[in-house]
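J.: File input38.txt follows (compact mmCIF, C-alpha atoms and all ligand atoms):
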```txt
# COMPACT_ATOMS: atom_id res chain seq x y z
CA MET A 56 -62.92 9.17 -3.29
CA LYS A 57 -66.09 11.05 -4.07
CA ASP A 58 -66.47 12.32 -0.52
CA LYS A 59 -63.87 14.97 -0.99
CA TYR A 60 -66.10 16.75 -3.51
CA THR A 61 -69.40 18.51 -2.97
CA GLU A 62 -72.51 17.33 -4.78
CA LYS A 63 -72.25 20.38 -6.96
CA VAL A 64 -68.74 19.54 -8.07
CA MET A 65 -69.83 16.01 -8.89
CA ASP A 66 -72.84 17.31 -10.78
CA HIS A 67 -70.74 19.61 -12.97
CA PHE A 68 -68.17 16.88 -13.41
CA ARG A 69 -70.76 14.32 -14.47
CA ASN A 70 -72.74 16.70 -16.63
CA PRO A 71 -70.42 19.48 -17.67
CA ARG A 72 -72.20 22.51 -19.13
CA ASN A 73 -70.95 24.21 -22.26
CA ILE A 74 -68.56 21.52 -23.25
CA GLY A 75 -67.06 21.72 -26.71
CA GLU A 76 -65.42 24.19 -29.06
CA ILE A 77 -66.60 27.25 -30.95
CA GLU A 78 -65.31 27.09 -34.49
CA ASP A 79 -65.42 30.82 -35.21
CA ALA A 80 -64.61 31.91 -31.68
CA ASP A 81 -63.79 35.58 -31.07
CA GLY A 82 -61.40 34.71 -28.29
CA ILE A 83 -59.58 31.57 -27.21
CA GLY A 84 -57.67 31.08 -23.98
CA THR A 85 -55.58 28.05 -23.12
CA VAL A 86 -53.75 27.58 -19.86
CA GLY A 87 -51.74 24.71 -18.51
CA ASN A 88 -51.32 23.82 -14.93
CA PRO A 89 -47.69 23.79 -13.93
CA LYS A 90 -48.55 21.91 -10.75
CA CYS A 91 -50.10 18.79 -12.17
CA GLY A 92 -49.89 19.16 -15.92
CA ASP A 93 -53.51 19.78 -16.78
CA ILE A 94 -54.76 21.88 -19.64
CA MET A 95 -57.92 23.78 -20.35
CA THR A 96 -59.17 25.86 -23.23
CA ILE A 97 -62.04 28.35 -23.18
CA TYR A 98 -63.70 29.67 -26.35
CA ILE A 99 -65.84 32.82 -26.33
CA LYS A 100 -68.16 34.45 -28.79
CA VAL A 101 -68.66 38.16 -28.06
CA LYS A 102 -71.48 40.47 -29.07
CA ASN A 103 -71.87 44.08 -27.89
CA ASP A 104 -69.16 43.49 -25.32
CA ARG A 105 -71.05 40.60 -23.85
CA ILE A 106 -70.15 36.95 -23.78
CA GLU A 107 -72.81 35.61 -26.04
CA ASP A 108 -71.55 32.07 -26.11
CA ILE A 109 -68.84 30.18 -24.27
CA LYS A 110 -67.48 26.66 -24.53
CA PHE A 111 -64.61 24.77 -22.98
CA LYS A 112 -62.47 21.70 -23.06
CA THR A 113 -60.55 20.42 -20.07
CA TYR A 114 -57.94 17.76 -19.58
CA GLY A 115 -57.74 17.27 -15.86
CA CYS A 116 -59.27 16.14 -12.63
CA ALA A 117 -62.89 16.35 -11.57
CA ALA A 118 -62.26 19.68 -9.82
CA ALA A 119 -60.77 21.12 -12.99
CA ILE A 120 -63.64 19.95 -15.16
CA ALA A 121 -66.25 21.16 -12.68
CA SER A 122 -64.47 24.52 -12.24
CA THR A 123 -64.42 25.26 -15.93
CA SER A 124 -67.98 24.09 -16.34
CA ILE A 125 -69.33 26.32 -13.60
CA ALA A 126 -67.13 29.25 -14.64
CA THR A 127 -68.58 29.19 -18.14
CA GLU A 128 -72.05 29.15 -16.64
CA MET A 129 -71.26 32.07 -14.34
CA VAL A 130 -70.05 34.37 -17.08
CA LYS A 131 -72.32 33.48 -19.95
CA GLY A 132 -74.31 36.60 -20.88
CA LYS A 133 -72.12 38.84 -18.72
CA THR A 134 -70.20 41.84 -20.04
CA LEU A 135 -66.51 41.30 -20.64
CA LYS A 136 -65.73 43.65 -17.80
CA GLU A 137 -67.83 41.69 -15.35
CA ALA A 138 -66.50 38.40 -16.61
CA ALA A 139 -62.88 39.47 -16.27
CA LYS A 140 -63.44 39.98 -12.56
CA LEU A 141 -64.10 36.30 -11.92
CA THR A 142 -61.62 34.88 -9.42
CA ARG A 143 -60.76 31.38 -8.39
CA ASN A 144 -62.49 31.98 -5.09
CA ASP A 145 -65.71 32.87 -6.86
CA VAL A 146 -65.49 29.65 -8.78
CA ALA A 147 -64.70 27.52 -5.74
CA GLU A 148 -67.41 29.20 -3.69
CA GLU A 149 -70.00 28.63 -6.35
CA LEU A 150 -69.07 24.95 -6.29
CA GLY A 151 -69.68 24.84 -2.56
CA GLY A 152 -65.97 24.65 -1.82
CA LEU A 153 -63.00 22.62 -3.01
CA PRO A 154 -60.37 20.73 -1.04
CA ASP A 155 -57.34 22.95 -0.40
CA TYR A 156 -55.02 21.06 -2.68
CA LYS A 157 -57.56 21.38 -5.48
CA MET A 158 -57.82 25.16 -5.35
CA HIS A 159 -55.26 25.53 -8.12
CA CYS A 160 -57.69 23.80 -10.47
CA SER A 161 -60.25 26.56 -10.04
CA ASN A 162 -57.47 29.03 -10.70
CA LEU A 163 -57.07 27.58 -14.14
CA ALA A 164 -60.66 28.22 -15.05
CA ALA A 165 -60.42 31.89 -14.12
CA ASP A 166 -57.09 32.23 -15.93
CA ALA A 167 -58.30 30.56 -19.10
CA LEU A 168 -61.26 32.91 -19.18
CA LYS A 169 -59.05 35.99 -18.74
CA LYS A 170 -56.82 34.77 -21.53
CA ALA A 171 -59.78 34.28 -23.84
CA ILE A 172 -60.95 37.83 -23.12
CA GLU A 173 -57.46 39.21 -23.75
CA ASP A 174 -57.26 37.26 -26.96
CA TYR A 175 -60.55 38.76 -28.07
CA LYS A 176 -59.33 42.29 -27.31
CA LYS A 177 -56.08 41.74 -29.12
CA LYS A 178 -57.83 40.46 -32.20
CA LYS A 179 -60.30 43.34 -32.12
CA ASN A 180 -57.63 46.02 -31.89
CA LYS A 181 -55.76 44.70 -34.86
CA MET B 133 -40.47 -5.60 -4.18
CA PHE B 134 -41.12 -9.09 -5.40
CA GLY B 135 -44.14 -8.02 -7.42
CA ASN B 136 -44.82 -4.35 -7.88
CA ASN B 137 -47.95 -3.11 -6.17
CA GLU B 138 -48.80 -0.63 -8.89
CA ILE B 139 -47.94 -2.08 -12.24
CA GLY B 140 -47.68 -5.73 -11.22
CA THR B 141 -44.25 -6.40 -12.66
CA ILE B 142 -42.50 -9.39 -11.13
CA GLU B 143 -38.90 -8.52 -10.47
CA PRO B 144 -36.00 -10.83 -11.32
CA ILE B 145 -35.61 -11.89 -7.71
CA LYS B 146 -33.51 -14.93 -8.47
CA GLU B 147 -30.95 -12.88 -10.36
CA ILE B 148 -30.88 -10.28 -7.61
CA GLY B 149 -30.44 -13.04 -5.05
CA LYS B 150 -27.42 -14.36 -6.92
CA ILE B 151 -25.80 -10.95 -6.95
CA THR B 152 -26.47 -10.24 -3.29
CA LYS B 153 -25.16 -13.64 -2.33
CA LYS B 154 -22.01 -13.24 -4.36
CA HIS B 155 -21.27 -9.91 -2.71
CA ASP B 156 -22.38 -10.98 0.73
CA ILE B 157 -25.18 -8.47 0.91
CA LEU B 158 -28.35 -9.09 2.90
CA PHE B 159 -31.39 -9.36 0.70
CA HIS B 160 -34.83 -8.28 1.85
CA SER B 161 -37.82 -8.61 -0.44
CA ASP B 162 -41.27 -7.19 0.05
CA ALA B 163 -43.50 -9.98 -1.16
CA VAL B 164 -46.79 -8.56 0.05
CA GLN B 165 -48.26 -8.51 -3.45
CA ALA B 166 -46.57 -11.64 -4.70
CA ILE B 167 -47.36 -14.10 -1.95
CA GLY B 168 -50.05 -16.55 -2.98
CA LYS B 169 -49.56 -15.69 -6.64
CA VAL B 170 -45.96 -16.71 -7.20
CA PRO B 171 -44.21 -19.69 -5.63
CA ILE B 172 -41.54 -18.37 -3.31
CA ASP B 173 -38.68 -20.48 -2.04
CA VAL B 174 -36.44 -18.30 0.10
CA ASN B 175 -33.57 -20.77 -0.09
CA GLU B 176 -33.60 -21.12 -3.81
CA LEU B 177 -33.90 -17.36 -4.26
CA ASN B 178 -31.28 -16.45 -1.65
CA ILE B 179 -33.68 -14.24 0.22
CA ASP B 180 -32.59 -13.36 3.75
CA LEU B 181 -35.65 -11.41 4.79
CA LEU B 182 -39.14 -11.52 3.36
CA SER B 183 -42.23 -9.52 4.29
CA ILE B 184 -45.77 -10.72 3.76
CA SER B 185 -49.14 -9.43 4.80
CA SER B 186 -52.20 -11.37 5.85
CA HIS B 187 -55.03 -9.41 4.23
CA LYS B 188 -53.51 -9.82 0.77
CA ILE B 189 -54.02 -13.54 0.97
CA TYR B 190 -57.54 -13.43 2.39
CA GLY B 191 -56.37 -13.62 5.99
CA PRO B 192 -57.46 -11.23 8.74
CA LYS B 193 -56.38 -7.60 8.51
CA GLY B 194 -53.73 -6.39 10.91
CA ALA B 195 -51.26 -9.24 10.73
CA GLY B 196 -48.10 -9.68 8.74
CA ALA B 197 -44.92 -11.65 8.95
CA LEU B 198 -41.24 -11.15 8.43
CA PHE B 199 -39.20 -14.17 7.48
CA ILE B 200 -35.73 -13.90 9.02
CA ARG B 201 -33.03 -16.27 7.89
CA LYS B 202 -31.65 -18.33 10.72
CA GLY B 203 -28.57 -16.79 12.24
CA LEU B 204 -29.43 -13.21 11.29
CA GLU B 205 -29.36 -10.82 14.18
CA LEU B 206 -31.78 -7.95 13.82
CA GLN B 207 -32.07 -4.98 16.03
CA THR B 208 -35.24 -4.63 18.01
CA ILE B 209 -37.29 -1.54 17.30
CA ALA B 210 -40.18 -2.21 19.67
CA HIS B 211 -38.95 -2.64 23.21
CA GLY B 212 -41.06 -3.76 26.11
CA GLY B 213 -42.44 -7.11 27.16
CA GLY B 214 -40.10 -9.05 24.91
CA GLN B 215 -42.74 -10.94 22.93
CA GLU B 216 -41.90 -12.62 19.65
CA LYS B 217 -38.37 -13.42 20.77
CA GLY B 218 -37.88 -9.83 21.76
CA PHE B 219 -38.37 -8.52 18.23
CA ARG B 220 -41.82 -7.16 18.62
CA SER B 221 -42.96 -6.40 22.09
CA SER B 222 -46.64 -6.11 22.95
CA THR B 223 -49.28 -8.75 23.36
CA HIS B 224 -49.51 -11.24 20.53
CA ASN B 225 -52.33 -10.71 18.09
CA THR B 226 -53.23 -14.36 18.38
CA PRO B 227 -56.28 -14.45 16.07
CA GLY B 228 -54.32 -12.50 13.48
CA ILE B 229 -51.33 -14.77 13.70
CA VAL B 230 -53.37 -17.96 13.53
CA GLY B 231 -55.42 -16.49 10.68
CA LEU B 232 -52.32 -15.60 8.73
CA GLY B 233 -50.97 -19.11 9.21
CA LYS B 234 -54.20 -20.64 7.99
CA ALA B 235 -54.36 -18.24 5.05
CA CYS B 236 -50.87 -19.30 4.01
CA GLU B 237 -51.80 -22.93 4.25
CA LEU B 238 -54.93 -22.46 2.16
CA GLY B 239 -53.20 -20.05 -0.19
CA LYS B 240 -50.53 -22.56 -1.02
CA LYS B 241 -53.12 -25.22 -1.76
CA ARG B 242 -55.15 -22.90 -3.92
CA MET B 243 -52.35 -21.08 -5.64
CA ASN B 244 -52.48 -22.93 -8.94
CA LYS B 245 -56.22 -22.62 -9.17
CA ASP B 246 -56.17 -18.97 -8.14
CA VAL B 247 -53.44 -18.06 -10.55
CA SER B 248 -55.04 -19.73 -13.54
CA HIS B 249 -58.40 -18.10 -12.72
CA LEU B 250 -56.83 -14.66 -12.27
CA THR B 251 -54.64 -14.97 -15.33
CA LYS B 252 -57.59 -15.83 -17.52
CA LEU B 253 -59.54 -12.81 -16.32
CA ARG B 254 -56.55 -10.50 -16.42
CA ASP B 255 -55.77 -11.46 -19.98
CA ILE B 256 -59.30 -10.62 -21.05
CA LEU B 257 -58.85 -7.18 -19.50
CA ILE B 258 -55.50 -6.68 -21.17
CA LYS B 259 -56.64 -7.83 -24.57
CA GLU B 260 -59.92 -5.95 -24.65
CA ILE B 261 -58.79 -2.72 -23.04
CA GLN B 262 -55.69 -2.46 -25.16
CA SER B 263 -57.91 -2.54 -28.19
CA ILE B 264 -59.23 0.91 -27.26
CA GLU B 265 -57.31 3.30 -29.47
CA GLN B 266 -54.27 5.03 -28.02
CA THR B 267 -54.30 2.86 -24.95
CA TYR B 268 -51.23 1.10 -23.63
CA LEU B 269 -50.34 -1.52 -21.08
CA ASN B 270 -47.96 -0.49 -18.30
CA GLY B 271 -45.58 -3.01 -16.80
CA HIS B 272 -44.32 -6.26 -18.20
CA PRO B 273 -46.58 -8.03 -20.71
CA GLU B 274 -45.89 -11.49 -19.26
CA LYS B 275 -43.85 -11.18 -16.10
CA ARG B 276 -46.64 -9.63 -14.13
CA LEU B 277 -48.82 -10.58 -11.19
CA ALA B 278 -51.84 -12.60 -12.23
CA ASN B 279 -54.25 -10.13 -10.65
CA ASN B 280 -52.91 -6.89 -12.07
CA ALA B 281 -53.74 -5.01 -15.26
CA HIS B 282 -52.41 -1.48 -15.62
CA PHE B 283 -53.07 0.88 -18.50
CA ARG B 284 -52.60 4.37 -19.71
CA PHE B 285 -54.98 6.28 -21.93
CA VAL B 286 -53.79 9.16 -24.03
CA ALA B 287 -55.37 12.58 -23.42
CA ILE B 288 -57.32 11.86 -20.27
CA GLU B 289 -56.60 12.17 -16.60
CA GLY B 290 -56.78 9.29 -14.12
CA GLU B 291 -58.70 10.87 -11.28
CA SER B 292 -61.61 11.80 -13.51
CA LEU B 293 -61.47 8.39 -15.09
CA ASN B 294 -61.59 6.76 -11.67
CA LEU B 295 -64.52 8.83 -10.50
CA MET B 296 -66.53 8.03 -13.59
CA LEU B 297 -65.80 4.35 -13.20
CA ASP B 298 -66.78 4.63 -9.56
CA ASP B 299 -70.18 5.91 -10.70
CA LYS B 300 -70.54 2.67 -12.61
CA GLY B 301 -69.59 0.59 -9.59
CA ILE B 302 -66.06 -0.09 -10.78
CA ALA B 303 -63.32 0.46 -8.21
CA ALA B 304 -59.90 1.21 -9.66
CA SER B 305 -56.92 3.42 -8.88
CA THR B 306 -54.54 5.72 -10.69
CA GLY B 307 -51.00 7.07 -10.52
CA SER B 308 -52.06 10.49 -11.78
CA ALA B 309 -50.60 13.57 -10.12
CA CYS B 310 -54.09 14.99 -9.69
CA SER B 311 -55.12 12.16 -7.43
CA SER B 312 -52.20 12.60 -5.04
CA LYS B 313 -52.29 15.31 -2.43
CA LYS B 314 -48.77 16.28 -3.33
CA LEU B 315 -49.77 16.59 -6.97
CA GLN B 316 -46.99 14.30 -8.03
CA ALA B 317 -47.25 11.48 -10.47
CA SER B 318 -46.55 7.98 -9.19
CA HIS B 319 -42.83 7.42 -8.68
CA VAL B 320 -43.20 3.93 -10.10
CA LEU B 321 -44.61 5.17 -13.39
CA LEU B 322 -41.93 7.83 -13.65
CA ALA B 323 -39.25 5.27 -12.81
CA ILE B 324 -40.26 3.00 -15.70
CA GLY B 325 -39.69 5.94 -18.01
CA LEU B 326 -43.14 7.41 -18.47
CA ASN B 327 -43.34 11.17 -18.52
CA PRO B 328 -45.83 12.88 -16.20
CA GLU B 329 -48.36 13.27 -19.04
CA GLU B 330 -48.32 9.55 -19.66
CA ALA B 331 -48.62 8.78 -15.97
CA HIS B 332 -51.57 11.14 -15.91
CA GLY B 333 -53.90 8.85 -17.78
CA SER B 334 -53.05 5.70 -15.87
CA LEU B 335 -55.48 3.18 -14.48
CA ARG B 336 -54.91 0.15 -12.30
CA LEU B 337 -57.41 -2.68 -12.26
CA THR B 338 -56.88 -5.55 -9.87
CA LEU B 339 -58.66 -8.84 -9.49
CA GLY B 340 -59.27 -11.24 -6.65
CA ARG B 341 -60.34 -14.78 -6.03
CA LEU B 342 -63.97 -13.68 -6.06
CA SER B 343 -63.81 -11.77 -9.34
CA THR B 344 -65.87 -13.35 -12.09
CA LYS B 345 -65.92 -13.36 -15.83
CA ASP B 346 -69.10 -11.29 -15.67
CA ASP B 347 -67.29 -8.64 -13.64
CA VAL B 348 -64.54 -8.44 -16.18
CA GLU B 349 -66.95 -8.31 -19.10
CA TYR B 350 -68.84 -5.52 -17.41
CA VAL B 351 -65.65 -3.47 -17.07
CA VAL B 352 -64.63 -4.19 -20.63
CA ASN B 353 -68.06 -3.05 -21.85
CA GLU B 354 -68.25 0.13 -19.80
CA LEU B 355 -64.72 1.38 -20.04
CA PRO B 356 -64.57 2.46 -23.71
CA ASP B 357 -67.54 4.81 -23.31
CA VAL B 358 -66.12 6.39 -20.20
CA VAL B 359 -62.76 6.90 -21.89
CA GLN B 360 -64.47 8.40 -24.92
CA LYS B 361 -66.59 10.71 -22.80
CA LEU B 362 -63.49 12.12 -21.15
CA ARG B 363 -61.63 12.33 -24.42
CA ASN B 364 -64.47 14.33 -25.90
CA MET B 365 -63.91 16.87 -23.13
CA SER B 366 -60.16 16.94 -23.59
CA PRO B 367 -58.37 19.66 -25.57
CA LEU B 368 -55.61 17.14 -26.24
CA TRP B 369 -57.87 14.75 -28.05
CA ASN B 370 -58.41 15.72 -31.64
CA ARG B 371 -60.35 13.52 -33.89
S1 LIG C 401 -56.30 19.45 -12.62
FE1 LIG C 401 -54.73 18.30 -11.68
S2 LIG C 401 -55.34 18.38 -9.65
FE2 LIG C 401 -56.97 19.34 -10.63
```
Give the structure from the file, written as structure tokens.
T.:
Amino acid sequence: MKDKYTEKVMDHFRNPRNIGEIEDADGIGTVGNPKCGDIMTIYIKVKNDRIEDIKFKTYGCAAAIASTSIATEMVKGKTLKEAAKLTRNDVAEELGGLPDYKMHCSNLAADALKKAIEDYKKKKNK
Amino acid sequence: MFGNNEIGTIEPIKEIGKITKKHDILFHSDAVQAIGKVPIDVNELNIDLLSISSHKIYGPKGAGALFIRKGLELQTIAHGGGQEKGFRSSTHNTPGIVGLGKACELGKKRMNKDVSHLTKLRDILIKEIQSIEQTYLNGHPEKRLANNAHFRFVAIEGESLNLMLDDKGIAASTGSACSSKKLQASHVLLAIGLNPEEAHGSLRLTLGRLSTKDDVEYVVNELPDVVQKLRNMSPLWNR
């Protein structure tokens, strides 16, 4: 079962980075996966337009957990503009590839992040 | 199916046999999982056709058998040399056939012992694992195969659960959509009325003649931590 995943996926799955919640988050993004029913939430803390802190929670397969984990690592410290550019391919590539039928899981990570950024902007413009 | 391969439920074969007999319908039962764990008397149960498989009863892989009630005429699907009374052409798999026969003979002798051993171990699994909060047994509480324990855990997903157990040397399986290439939850779990979310956190543990009490205790000790670890990651778990 493990063979379908790269070592990197398994590493992020076994030891997910940035797991948890941020109580006073500036932006929160939750997305659900219509394909298989999984859910992930990303919390961001923003300072000077940069993602100062980021945390996540994921209910899903190993690919979903690893995708969110690595996505949070990739955008931590980045400007919001840079972070918003993250695509599912970036995530999958960084993981050393994902099986085709698991690509939608990496999609979720990118979408949850975008939602969290939008949420932050909405709250700020209020 | 005589005994379900996923959730282990033993179907009311006798009742079905009565109905099929009354209405003159041929009755085929897939007893691959049940053979060696449940006594099967095709006459008493009114079964016309019964499938079994050798490797499930510790026989060699690659052999199986179809019981055909005397007088039934089946259509041949494998034409050729006319082996096995014309039903299944191609050279006999003699070692497989002999092995299956021997496995049946031994299986029948050992059935009582096997079943009581498996039941004891299975019941430890069921009792201990169900004591994890928000964890439920799938399938029938009593009318189930002696080697099968099937659970669902709220707020976690089966593929991740399986992989983490795999890291601990525990081999299990799941009916979660994420673990199927088609991303569909197990049809069995949906058919018993679970919704896809419930099927998501499902876990099947099966036992064999060689399973020991130590094995079972190891699983029972490791599982709660793994479940908790995944729940701590899950946005659906709040406590
Ligand atoms: S989250 Fe369901 S397949 Fe990855």
J.: Expressed in Å to a single decimal, how great is the separation between CA of Phe159 in chain B and CA of Gln215 in chain B?
T.: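 These two atoms are separated by 25.0 Å.
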J.: Nearest to chain B: which of A:Ala147, A:Ala117, A:Ala80, A:Leu141 is it, counting only C-alpha atoms?
T.: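 Under the stated criterion, the closest residue is A:Ala117.
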J.: I need the contact residues of chain B against chain A, so if you could list those with any atom within 12 Å, counting all atoms listed in the file, and return them as a PyMOL selection string, that would help.
T.: chain B and resi 286-300+303-318+327-333+358+361-370
J.: Quick one: 3 Å padding each side, axis-aligned, all listed atoms of range 284-296 of chain B - centre and edge lengths in Å to one decimal, as JSON?
T.:
```
{"center_x": -59.6, "center_y": 8.5, "center_z": -17.3, "size_x": 19.9, "size_y": 14.2, "size_z": 19.5}
```
J.: Here is a test: counting all atoms listed in the file, which residue of A:Val130, A:Asp81, A:Asn88, A:Ile99 is nearest to ligand LIG 401 (chain C)?
T.: A:Asn88
J.: Between CA of Asp347 in chain B and CA of Lys259 in chain B, what distance in Å does the model show, to one decimal?
T.: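 Between these atoms lies a distance of 15.3 Å.
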